[in-house]
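Visitor: model.cif (mmCIF, C-alpha atoms and all ligand atoms) pasted underneath:
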```cif
data_input
loop_
_atom_site.label_atom_id
_atom_site.label_comp_id
_atom_site.auth_asym_id
_atom_site.auth_seq_id
_atom_site.Cartn_x
_atom_site.Cartn_y
_atom_site.Cartn_z
CA MET O 702 -7.12 8.77 -13.56
CA THR O 703 -9.04 5.51 -13.80
CA LYS O 704 -8.14 3.11 -16.54
CA GLY O 705 -11.02 0.70 -16.13
CA GLY O 706 -8.81 -2.20 -15.03
CA PRO O 707 -9.50 -4.23 -11.90
CA LYS O 708 -9.44 -1.95 -8.86
CA VAL O 709 -6.84 -2.88 -6.28
CA LEU O 710 -6.69 -1.26 -2.87
CA VAL O 711 -3.28 -1.30 -1.17
CA ILE O 712 -3.28 -0.70 2.59
CA GLU O 713 0.34 -0.36 3.70
CA ASP O 714 1.85 2.13 6.14
CA GLU O 715 5.42 2.09 4.84
CA PRO O 716 5.51 4.76 2.13
CA SER O 717 8.30 3.10 0.12
CA GLN O 718 6.46 -0.24 0.10
CA LEU O 719 3.21 1.48 -0.78
CA GLU O 720 4.82 3.28 -3.71
CA LEU O 721 6.62 0.19 -4.99
CA LEU O 722 3.43 -1.86 -4.94
CA SER O 723 1.33 0.87 -6.47
CA TYR O 724 3.81 1.50 -9.24
CA ASN O 725 4.01 -2.16 -10.22
CA LEU O 726 0.27 -2.68 -10.11
CA ASP O 727 -0.27 0.44 -12.18
CA VAL O 728 2.17 -0.77 -14.82
CA GLU O 729 0.18 -4.01 -15.02
CA GLY O 730 -2.94 -2.03 -15.85
CA TYR O 731 -4.70 -2.10 -12.49
CA ASP O 732 -6.47 0.91 -11.03
CA VAL O 733 -4.66 1.39 -7.76
CA TYR O 734 -6.07 2.98 -4.60
CA LYS O 735 -3.67 3.72 -1.77
CA ALA O 736 -4.20 3.90 1.97
CA GLU O 737 -1.62 4.27 4.74
CA THR O 738 -3.96 3.18 7.52
CA GLY O 739 -6.77 0.68 7.81
CA GLU O 740 -9.19 3.50 8.57
CA GLU O 741 -8.29 5.23 5.32
CA GLY O 742 -8.73 1.92 3.52
CA LEU O 743 -12.21 1.44 4.96
CA LEU O 744 -13.21 4.91 3.78
CA ILE O 745 -12.10 4.08 0.24
CA LEU O 746 -14.09 0.83 0.42
CA HIS O 747 -17.21 2.88 1.14
CA GLU O 748 -16.74 4.91 -2.00
CA VAL O 749 -15.19 2.60 -4.57
CA GLU O 750 -16.09 -0.90 -5.70
CA ILE O 751 -12.72 -2.52 -5.06
CA ASP O 752 -11.91 -5.88 -6.69
CA LEU O 753 -9.01 -6.98 -4.49
CA ILE O 754 -7.22 -5.76 -1.37
CA LEU O 755 -3.55 -6.02 -0.42
CA LEU O 756 -3.50 -5.58 3.33
CA ASP O 757 -0.41 -5.13 5.45
CA TRP O 758 -0.42 -7.04 8.70
CA MET O 759 1.32 -4.49 10.90
CA LEU O 760 -0.49 -1.18 10.67
CA PRO O 761 -0.56 1.76 13.07
CA GLN O 762 -3.85 2.25 14.94
CA THR O 763 -6.09 -0.64 13.96
CA SER O 764 -4.14 -3.78 12.98
CA GLY O 765 -4.42 -5.42 9.58
CA LEU O 766 -6.02 -8.41 11.28
CA GLU O 767 -8.84 -6.31 12.72
CA ILE O 768 -9.30 -4.46 9.43
CA CYS O 769 -9.56 -7.82 7.69
CA ARG O 770 -12.29 -8.88 10.12
CA GLN O 771 -14.21 -5.69 9.55
CA ILE O 772 -14.04 -6.02 5.78
CA LYS O 773 -15.18 -9.65 5.95
CA ARG O 774 -18.11 -8.66 8.17
CA GLY O 775 -19.30 -5.93 5.80
CA LYS O 776 -22.27 -6.87 3.66
CA PHE O 777 -20.86 -5.20 0.56
CA THR O 778 -17.20 -5.90 1.19
CA LYS O 779 -17.10 -9.50 2.43
CA SER O 780 -16.61 -11.07 -0.99
CA ILE O 781 -13.61 -8.92 -1.89
CA PRO O 782 -10.48 -11.11 -1.92
CA ILE O 783 -7.84 -10.03 0.58
CA ILE O 784 -4.15 -10.86 0.35
CA MET O 785 -2.35 -10.25 3.64
CA LEU O 786 1.22 -9.00 3.61
CA THR O 787 2.99 -10.48 6.60
CA ALA O 788 6.51 -10.30 7.96
CA ARG O 789 8.62 -13.39 8.34
CA GLY O 790 8.13 -15.35 11.56
CA GLU O 791 4.44 -14.69 11.89
CA GLU O 792 3.50 -18.29 11.20
CA ASP O 793 0.66 -18.36 13.74
CA ASP O 794 -0.51 -15.05 12.44
CA LYS O 795 -0.79 -16.46 8.96
CA VAL O 796 -3.20 -19.07 10.13
CA ARG O 797 -5.14 -16.49 12.09
CA GLY O 798 -5.19 -14.31 9.00
CA LEU O 799 -6.81 -17.06 7.01
CA ASP O 800 -9.19 -17.76 9.88
CA THR O 801 -10.42 -14.21 9.70
CA GLY O 802 -11.27 -14.65 6.06
CA ALA O 803 -8.11 -13.45 4.32
CA ASN O 804 -7.95 -15.33 1.04
CA ASP O 805 -4.21 -15.52 0.76
CA TYR O 806 -1.03 -14.23 2.35
CA ILE O 807 2.41 -13.42 1.14
CA VAL O 808 5.51 -13.15 3.30
CA LYS O 809 7.78 -10.11 3.17
CA PRO O 810 10.19 -9.65 1.54
CA TYR O 811 8.25 -10.93 -1.45
CA SER O 812 9.13 -10.77 -5.11
CA ILE O 813 6.95 -8.43 -7.12
CA LYS O 814 6.54 -11.12 -9.75
CA GLU O 815 5.11 -13.52 -7.18
CA LEU O 816 2.89 -10.87 -5.71
CA LEU O 817 1.45 -10.01 -9.12
CA ALA O 818 0.79 -13.70 -9.78
CA ARG O 819 -1.11 -13.92 -6.48
CA VAL O 820 -3.11 -10.83 -7.39
CA ARG O 821 -4.09 -12.38 -10.71
CA ALA O 822 -5.03 -15.62 -8.99
CA GLY O 823 -7.03 -13.75 -6.36
CA LEU O 824 -9.01 -11.93 -9.02
CA ARG O 825 -9.51 -15.10 -11.02
CA ASN O 826 -10.95 -16.92 -8.03
CA SER O 827 -13.21 -14.12 -6.97
CA LYS O 828 -16.71 -13.45 -8.22
CA GLY O 829 -15.49 -10.55 -10.26
CA GLY O 830 -13.19 -12.87 -12.14
CA LEU O 831 -15.77 -14.77 -14.13
CA GLY O 832 -14.75 -13.32 -17.43
CA VAL O 833 -16.96 -10.25 -17.23
CA ASN O 834 -14.07 -7.97 -17.92
CA MET O 835 -13.48 -8.87 -21.55
CA LEU O 836 -12.78 -6.65 -24.51
CA THR O 837 -12.88 -8.08 -28.01
CA TYR O 838 -12.28 -6.96 -31.55
CA GLU O 839 -12.49 -9.42 -34.42
CA GLN O 840 -10.25 -12.30 -33.27
CA ILE O 841 -8.53 -10.36 -30.49
CA THR O 842 -9.67 -10.89 -26.91
CA MET O 843 -8.38 -9.03 -23.87
CA ASP O 844 -9.29 -10.55 -20.54
CA LEU O 845 -8.63 -7.65 -18.21
CA THR O 846 -9.25 -9.59 -15.04
CA ARG O 847 -6.73 -12.27 -15.89
CA HIS O 848 -4.57 -9.87 -17.85
CA VAL O 849 -4.42 -12.21 -20.83
CA VAL O 850 -4.49 -11.31 -24.51
CA SER O 851 -5.34 -13.87 -27.13
CA ILE O 852 -5.92 -14.07 -30.84
CA GLY O 853 -8.27 -16.93 -31.58
CA ASP O 854 -7.07 -19.59 -29.19
CA LYS O 855 -3.46 -18.40 -29.12
CA VAL O 856 -2.27 -16.43 -26.11
CA ILE O 857 0.16 -13.60 -26.78
CA HIS O 858 2.41 -12.10 -24.14
CA LEU O 859 2.49 -8.35 -24.34
CA GLY O 860 4.69 -6.00 -22.35
CA PRO O 861 2.84 -3.65 -19.97
CA LEU O 862 2.97 -0.66 -22.31
CA GLU O 863 1.83 -2.67 -25.34
CA PHE O 864 -1.00 -4.03 -23.18
CA LYS O 865 -2.08 -0.51 -22.27
CA LEU O 866 -1.88 0.64 -25.88
CA LEU O 867 -3.94 -2.28 -27.16
CA ARG O 868 -6.48 -1.66 -24.45
CA ILE O 869 -7.00 1.95 -25.50
CA LEU O 870 -7.26 1.01 -29.17
CA ILE O 871 -9.62 -1.92 -28.61
CA GLU O 872 -12.04 0.18 -26.58
CA ALA O 873 -12.73 2.28 -29.65
CA PRO O 874 -12.07 0.23 -32.80
CA ALA O 875 -11.53 2.23 -35.99
CA ARG O 876 -11.14 5.43 -34.03
CA VAL O 877 -7.87 7.15 -34.87
CA PHE O 878 -5.79 8.20 -31.88
CA SER O 879 -3.07 10.80 -32.30
CA ARG O 880 0.38 10.08 -30.90
CA ASP O 881 -0.20 12.76 -28.28
CA GLN O 882 -3.45 11.18 -27.17
CA LEU O 883 -1.76 7.81 -26.77
CA LEU O 884 1.16 9.43 -25.00
CA GLU O 885 -1.18 11.12 -22.57
CA ARG O 886 -3.17 7.99 -21.84
CA VAL O 887 -0.38 5.47 -21.60
CA TRP O 888 2.46 7.55 -20.20
CA SER O 889 0.33 10.19 -18.43
CA ASN O 890 2.22 12.97 -20.24
CA SER O 891 5.51 12.06 -18.64
CA LEU O 892 7.95 14.77 -19.70
CA GLU O 893 10.81 12.42 -20.54
CA VAL O 894 8.77 10.54 -23.12
CA GLU O 895 8.73 11.66 -26.74
CA THR O 896 6.07 10.92 -29.32
CA ARG O 897 8.61 8.72 -31.11
CA THR O 898 8.32 6.34 -28.14
CA VAL O 899 4.68 5.76 -29.09
CA ASP O 900 5.83 4.62 -32.54
CA VAL O 901 8.31 2.21 -30.99
CA HIS O 902 5.71 0.54 -28.78
CA ILE O 903 3.06 0.49 -31.49
CA GLY O 904 5.70 -1.20 -33.64
CA ARG O 905 6.23 -3.87 -31.01
CA LEU O 906 2.51 -4.39 -30.53
CA ARG O 907 1.96 -4.68 -34.27
CA LYS O 908 4.78 -7.19 -34.59
CA GLN O 909 3.33 -9.35 -31.83
CA LEU O 910 -0.17 -9.26 -33.26
CA ASN O 911 1.05 -9.97 -36.78
CA ALA O 912 3.11 -12.92 -35.60
CA VAL O 913 -0.08 -14.73 -34.67
CA ALA O 914 -2.88 -13.16 -36.70
CA ASN O 915 -3.11 -13.59 -40.43
CA ALA O 916 -4.37 -10.06 -40.76
CA GLU O 917 -3.03 -6.54 -40.20
CA TYR O 918 -4.80 -5.02 -37.24
CA ILE O 919 -3.11 -1.70 -36.62
CA ARG O 920 -3.57 1.03 -39.16
CA THR O 921 -1.11 3.90 -39.38
CA VAL O 922 -2.48 7.29 -40.28
CA ARG O 923 0.58 9.04 -41.59
CA GLY O 924 1.69 12.10 -39.70
CA PHE O 925 -1.09 11.64 -37.18
CA GLY O 926 -1.54 8.41 -35.31
CA TYR O 927 -3.00 4.93 -35.14
CA SER O 928 -6.19 2.92 -34.95
CA LEU O 929 -7.22 -0.65 -34.47
CA ASP O 930 -8.80 -1.38 -37.79
CA LYS O 931 -8.56 -4.71 -39.53
CA ALA O 932 -7.26 -4.26 -43.03
CA CA T 1001 3.53 -2.14 8.24
#
```
Once you've parsed the file, please lay out its structure as structure tokens.

Guide:
Amino acid sequence: MTKGGPKVLVIEDEPSQLELLSYNLDVEGYDVYKAETGEEGLLILHEVEIDLILLDWMLPQTSGLEICRQIKRGKFTKSIPIIMLTARGEEDDKVRGLDTGANDYIVKPYSIKELLARVRAGLRNSKGGLGVNMLTYEQITMDLTRHVVSIGDKVIHLGPLEFKLLRILIEAPARVFSRDQLLERVWSNSLEVETRTVDVHIGRLRKQLNAVANAEYIRTVRGFGYSLDKA
């Protein structure tokens, strides 16, 4: 299911690493595409307009280095930022990676927090990061590329679920979403999650918006659901 966030392609042959990265990127609101080989990654690049690539250095078959070269030679792919994932002790390789056009590299084992910061920076510096991915309603602005929410000139820091909720609401202001619809779109119908959870996270989102805005933005429709609708 696409969420309309920046599209990130992860090319990594270790399944556990691939899953960990994908999970964390997904939680941050990115649309994640997964490939276990460079060849698979190139196929995805033919079909999807990817915004950023995380590319493992050591891949079976064609190496990450060669894949990087190929991407940077492609007319339609050369401007996509690439972050190389390298193992420790590949100092020379890092330099070679940057020579081949990789925009950044991160050394394994990396912290997810650092990796996500690099991804944000990569998107910000790329052509796609020039503020084209903005959603607004009244005073609220969501910059999807930079993953920043602000009210007027004040930035608010939302948790990943609150971010997803706000994003759904802001895409259709005044439309009322049922709890089940929100559950389906934010939690993908995860069986362990109850509709009450939606209320909890809407509550948090409302609290954070109200702390900054001098207006009530989220309307409760009793027994049904919620909408973004300035009172
Ligand atoms: Ca590998």

Visitor: Which polymer residues have any atom within 7 Å of an atom of region 724-741 of chain O, counting all atoms listed in the file, with same-chain residues fewer than 2 positions away left out, as a list in words?

Guide: Thr703, Lys704, Gly705, Gly706, Pro707, Lys708, Val709, Leu710, Val711, Ile712, Glu713, Asp714, Glu720, Leu721, Leu722, Leu743, Leu744, Ile745, Leu760, Pro761, Thr763, Gly765, Ile768, Pro861 and Lys865 of chain O

Visitor: May I ask which of the residues O:Glu893, O:Glu750, O:Asp757, O:Glu863 is the closest one to ligand CA 1001 (chain T), counting all atoms listed in the file?

Guide: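 Looking at the shortest contact to ligand CA 1001 (chain T), the residue is O:Asp757.
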
Visitor: Which of these residues is nearest to Thr778 (chain O), using only C-alpha atoms: O:Val849, O:Asn826, O:Gly742, O:Arg821?

Guide: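 Once distances to Thr778 (chain O) are computed over only C-alpha atoms, the minimum belongs to O:Gly742.
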
Visitor: Can you tell me which residues surround Thr921 (chain O) at a distance of at most 12 Å, considering only C-alpha atoms, apart from same-chain residues fewer than 6 positions away, and format the answer as a PyMOL selection string?

Guide: chain O and resi 875-880+899-900+903-904+907+927-932

Visitor: Take the residues from that selection and write them out as a PDB file, in the coordinates of the input, keeping C-alpha atoms.

Guide:
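Full text of part.pdb as output:
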```pdb
ATOM      1  CA  ALA O 875     -11.530   2.230 -35.990  1.00  0.00           C
ATOM      2  CA  ARG O 876     -11.140   5.430 -34.030  1.00  0.00           C
ATOM      3  CA  VAL O 877      -7.870   7.150 -34.870  1.00  0.00           C
ATOM      4  CA  PHE O 878      -5.790   8.200 -31.880  1.00  0.00           C
ATOM      5  CA  SER O 879      -3.070  10.800 -32.300  1.00  0.00           C
ATOM      6  CA  ARG O 880       0.380  10.080 -30.900  1.00  0.00           C
ATOM      7  CA  VAL O 899       4.680   5.760 -29.090  1.00  0.00           C
ATOM      8  CA  ASP O 900       5.830   4.620 -32.540  1.00  0.00           C
ATOM      9  CA  ILE O 903       3.060   0.490 -31.490  1.00  0.00           C
ATOM     10  CA  GLY O 904       5.700  -1.200 -33.640  1.00  0.00           C
ATOM     11  CA  ARG O 907       1.960  -4.680 -34.270  1.00  0.00           C
ATOM     12  CA  TYR O 927      -3.000   4.930 -35.140  1.00  0.00           C
ATOM     13  CA  SER O 928      -6.190   2.920 -34.950  1.00  0.00           C
ATOM     14  CA  LEU O 929      -7.220  -0.650 -34.470  1.00  0.00           C
ATOM     15  CA  ASP O 930      -8.800  -1.380 -37.790  1.00  0.00           C
ATOM     16  CA  LYS O 931      -8.560  -4.710 -39.530  1.00  0.00           C
ATOM     17  CA  ALA O 932      -7.260  -4.260 -43.030  1.00  0.00           C
TER      18      ALA O 932
END
```

Visitor: Record the distance separating CA of Ala914 (chain O) and CA of Gln840 (chain O), expressed in Å with one decimal.

Guide: 8.2 Å

Visitor: Can you work out which one of O:Val808, O:Ile754, O:Ile869, O:Ala788 has the shortest atom-to-atom distance to ligand CA 1001 (chain T), counting all atoms listed in the file?

Guide: O:Ala788

Visitor: For Gly860 (chain O), which residue out of O:Ser889, O:Gln762, O:Gln909, O:Thr801 is the nearest one, using all atoms listed in the file?

Guide: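 Smallest distance to Gly860 (chain O) is found for O:Gln909.
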
Visitor: Just the number, please: distance in Å from CA of Ser764 (chain O) to CA of Leu816 (chain O), one decimal.

Guide: 21.2 Å

Visitor: So the first atom is CA of Glu748 (chain O) and the second is CA of Ile772 (chain O); what is the distance between them in Å, to one decimal place?

Guide: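 Going from CA of Glu748 (chain O) over to CA of Ile772 (chain O), I get 13.7 Å.
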
Visitor: Of the residues O:Glu767, O:Glu715, O:Glu917, O:Glu839, which is the one nearest to Ile871 (chain O), using all atoms listed in the file?

Guide: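 Answer, going by the shortest atom-to-atom distance: O:Glu839.
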
Visitor: Find, counting all atoms listed in the file, the residue in O:Asn804, O:Asn834, O:Thr842, O:Gln718 that gets nearest to ligand CA 1001 (chain T).

Guide: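 Comparing O:Asn804, O:Asn834, O:Thr842, O:Gln718 against ligand CA 1001 (chain T), the winner is O:Gln718.
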
Visitor: Please provide the set of residues having any atom within 12 Å of Arg905 (chain O), restricted to all atoms listed in the file, with same-chain residues fewer than 6 positions apart removed, written as an mmCIF file with C-alpha atoms, in the coordinates of the input.

Guide:
```cif
data_model
loop_
_atom_site.group_PDB
_atom_site.id
_atom_site.type_symbol
_atom_site.label_atom_id
_atom_site.label_comp_id
_atom_site.auth_asym_id
_atom_site.auth_seq_id
_atom_site.Cartn_x
_atom_site.Cartn_y
_atom_site.Cartn_z
ATOM 1 C CA HIS O 858 2.410 -12.100 -24.140
ATOM 2 C CA LEU O 859 2.490 -8.350 -24.340
ATOM 3 C CA GLY O 860 4.690 -6.000 -22.350
ATOM 4 C CA PRO O 861 2.840 -3.650 -19.970
ATOM 5 C CA LEU O 862 2.970 -0.660 -22.310
ATOM 6 C CA GLU O 863 1.830 -2.670 -25.340
ATOM 7 C CA PHE O 864 -1.000 -4.030 -23.180
ATOM 8 C CA LEU O 866 -1.880 0.640 -25.880
ATOM 9 C CA LEU O 867 -3.940 -2.280 -27.160
ATOM 10 C CA THR O 898 8.320 6.340 -28.140
ATOM 11 C CA VAL O 899 4.680 5.760 -29.090
ATOM 12 C CA ASN O 911 1.050 -9.970 -36.780
ATOM 13 C CA ALA O 912 3.110 -12.920 -35.600
ATOM 14 C CA ILE O 919 -3.110 -1.700 -36.620
#
```

Visitor: Within 8 Å of Gly823 (chain O), counting all atoms listed in the file, which residues qualify if same-chain residues fewer than 6 places away don't, as a short mmCIF file (atom, residue, chain, number, x, y, z; two decimals) with C-alpha atoms, keeping the file's coordinate frame?

Guide:
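out-v6.cif, freshly written:
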```cif
data_model
loop_
_atom_site.label_atom_id
_atom_site.label_comp_id
_atom_site.auth_asym_id
_atom_site.auth_seq_id
_atom_site.Cartn_x
_atom_site.Cartn_y
_atom_site.Cartn_z
CA LEU O 753 -9.01 -6.98 -4.49
CA PRO O 782 -10.48 -11.11 -1.92
CA ILE O 783 -7.84 -10.03 0.58
CA ILE O 784 -4.15 -10.86 0.35
CA ASN O 804 -7.95 -15.33 1.04
CA ASP O 805 -4.21 -15.52 0.76
#
```
